[in-house]
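Engineer: To start, I am sharing the structure in question, which I have written as structure tokens.
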Amino acid sequence: MAPQNEPLVSVIIAFLNEERFLEEAIKSVLEQEYTHWELLLVDDGSTDKSTGIAREYAVNFGGKIIYCEHAGHVNKGLSASRNAGIKKSTGTLVAFLDADDFWLRCKLTNQVSIFEQNAGIGMVAEASNYWYSWEDAAVENYPIKIGATQDVVYNPPQLLFELYPLSNGSAPCPSALMLKKEAIEKAGYFEESFIKEFGMYEDQAFLAKIYLEEKVFISSNCNNLYRQRPESIVKTVRAEGKYPLVRKYFLEWFESYLDKRQIKNRQLQRLLNKALMKYRQPTRFFLQHTLPAKLSNLFKRFFP
């Protein structure tokens with residue numbers, strides 16, 4: 001039995017047709033050093049064997065692992081599935097694990113400890129190990145740190161100025177996050193309009209809302225494996241040439257979100273205007289940003 005002072009962590013795995021990887025993800029939760037958790041397996045309308053896998057674990061670990069699905073076993077998208085899991089959860093802390101990713105044994109222990117040492121934060125985000133060796137042992141994995149100074153607390157909305165998609169710093173992956181449930185509720189959960197190809201930005205829309213509201217601890221630890229696979233939504237969207245459309249959708253959603261909430265921040269507005277200029281005023285963007293960058297690179301090439 002967990003000590004009374006240990007917070008319950010609700011782990012949410014939303015899945016759709018992940019029979020190849022789901023069991024491995026579940027086992028990485030079962031093997032955590034930190035044992036005061038519940039696991040919600042949210043089925044987004046799967047038609048393969050993953051439904052049976054999830055149901056079996058829920059039976060074998062009753063009360064610890066909970067199987068959830070949408071009414072009628074329909075497909076609603078990743079954000080709606082994450083939200084369904086959050087609303088059924090009972091923990092004060094929430095962690096997300098993508099159904100094809102994997103946690104190292106100390107992931108929950110480490111992040112719960114960070115919350116205990118930094119009482120005012122709403123989220124912890126760590127680095128991710130980009131996982132190639134799962135398919136080919138000869139291919140080396142490599143960690144990607146979040147693109148901001150490590151092991152410090154950021155006040156809102158500072159991370160919007162430093163990280164993708166409005167700046168150049170690497171953003172955290174969903175499997176690298178842990179949040180207070182009350183912070184998720186305050187932000188209004190995940191945006192359920194980010195479906196199909198626009199699902200590429202569903203995590204970024206959620207993170208943008210968190211960055212606006214919460215203090216965030218950026219950790220240098222790396223206790224999650226982010227599986228790299230050719231059929232991932234990121235690779236598919238880029239391969240099909242839909243990335244500009246998807247990015248524009250996010251930027252216009254964020255512009256509307258700021259306007260509806262009457263959030264005024266000059267630095268944030270400048271970054272957003274610059275990002276939107278590429279789509280709304282392409283000639284001006286080329287003259288002000290693309291051309292100067294090309295000329296600068298050319299100059300450096302010939303006059304190092």
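Every chain in the structure tokens takes a letter, A first, then B, and so on in the order presented; its residues are numbered from 1, and the ligands are numbered from 1 following the presented order.
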Need the shell around stretch 72-80 of chain A: protein/DNA/RNA residues with any atom at most 7 Å away, counting only C-alpha atoms. Skip same-chain ones fewer than 6 positions apart. Format as a list in words?

Structural biologist: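 Here the answer would be Ala14, Asp44, Gly45, Phe190, Glu191, Glu192, Ile195 and Glu202 of chain A.
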
Engineer: Would you give me, as a Markdown table, each residue of stretch 102-173 of chain A having an atom within 12 Å of an atom of stretch 240-264 of chain A, along with its shortest atom pair and that distance in Å to one decimal, using only C-alpha atoms and sorting by chain and residue number?

Structural biologist:
| residue | atom | partner | partner_atom | distance |
| --- | --- | --- | --- | --- |
| A:Pro157 | CA | A:Ile263 | CA | 10.8 |
| A:Leu160 | CA | A:Phe254 | CA | 11.6 |
| A:Tyr164 | CA | A:Arg247 | CA | 11.3 |
| A:Pro165 | CA | A:Arg247 | CA | 8.6 |
| A:Leu166 | CA | A:Leu251 | CA | 8.9 |

Engineer: Could you pull out the helix (DSSP H, G or I) residues of stretch 32-267 of chain A from DSSP and send them as an NGL selection string?

Structural biologist: :A and (50-60 or 71-73 or 78-88 or 107-117 or 158-162 or 174-176 or 181-187 or 196-213 or 233-239 or 243-260 or 266-267)

Engineer: Using only C-alpha atoms, can you tell me which of A:Asp98, A:Glu126, A:Glu214, A:Glu135 comes closest to A:Ala25?

Structural biologist: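 Of the candidates, the smallest distance to A:Ala25 is held by A:Asp98.
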
Engineer: So that I can check the secondary structure, give me every residue of stretch 216-246 of chain A assigned strand (DSSP E or B) by backbone DSSP, as a list in words.

Structural biologist: Val216, Phe217, Ile218, Asn224, Leu225, Tyr226 and Arg227 of chain A

Engineer: For A:Tyr226, which residue among A:Pro174, A:Gly199, A:Pro282, A:Gly122 is the nearest when counting only C-alpha atoms?

Structural biologist: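 Residue with the minimum atom-to-atom distance to A:Tyr226: A:Pro174.
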
Engineer: Find the residues around A:Phe217 up to 10 Å (only C-alpha atoms counted), leave out those fewer than 6 positions away in its own chain, and share them as a ChimeraX atom specification.

Structural biologist: /A:111,114-115,118,120-126,150-155

Engineer: Under the rule that only C-alpha atoms are counted, which of A:Ala171, A:Met200, A:Leu271, A:Leu295 is the nearest residue to A:Val237?

Structural biologist: A:Met200

Engineer: Between A:Ser296, A:Ser219, A:Asn265, A:Thr47, which residue has the minimum interatomic distance to A:Asn110, considering only C-alpha atoms?

Structural biologist: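 Once distances to A:Asn110 are computed over only C-alpha atoms, the minimum belongs to A:Ser219.
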
Engineer: Set the distance at 12 Å and use only C-alpha atoms: which residues neighbour A:Glu185 once local chain neighbours fewer than 2 positions away are removed? I'd like the list as a list in words.

Structural biologist: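 The neighbour list is Asn83, Ile86, Lys87, Ser89, Thr92, Leu93, Val94, Gly122, Leu179, Lys180, Lys181, Glu182, Ala183, Ala187, Gly188, Tyr189, Phe190, Phe206, Lys209, Ile210, Glu213 and Glu214 of chain A.
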
Engineer: In Å, with one decimal, what is the gap from atom CA of A:Pro156 to atom CA of A:Cys106?

Structural biologist: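 Rounded to one decimal, the two atoms are 27.9 Å apart.
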
Engineer: What is the distance, in Å and to one decimal place, between atom CA of A:Ile26 and atom CA of A:Ser46?

Structural biologist: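 So the two atoms, atom CA of A:Ile26 and atom CA of A:Ser46, lie 16.4 Å apart.
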
Engineer: Looking at only C-alpha atoms, which of A:Lys27, A:Arg105, A:Arg280, A:His36 is the one that sits closest to A:Ala54?

Structural biologist: A:Lys27
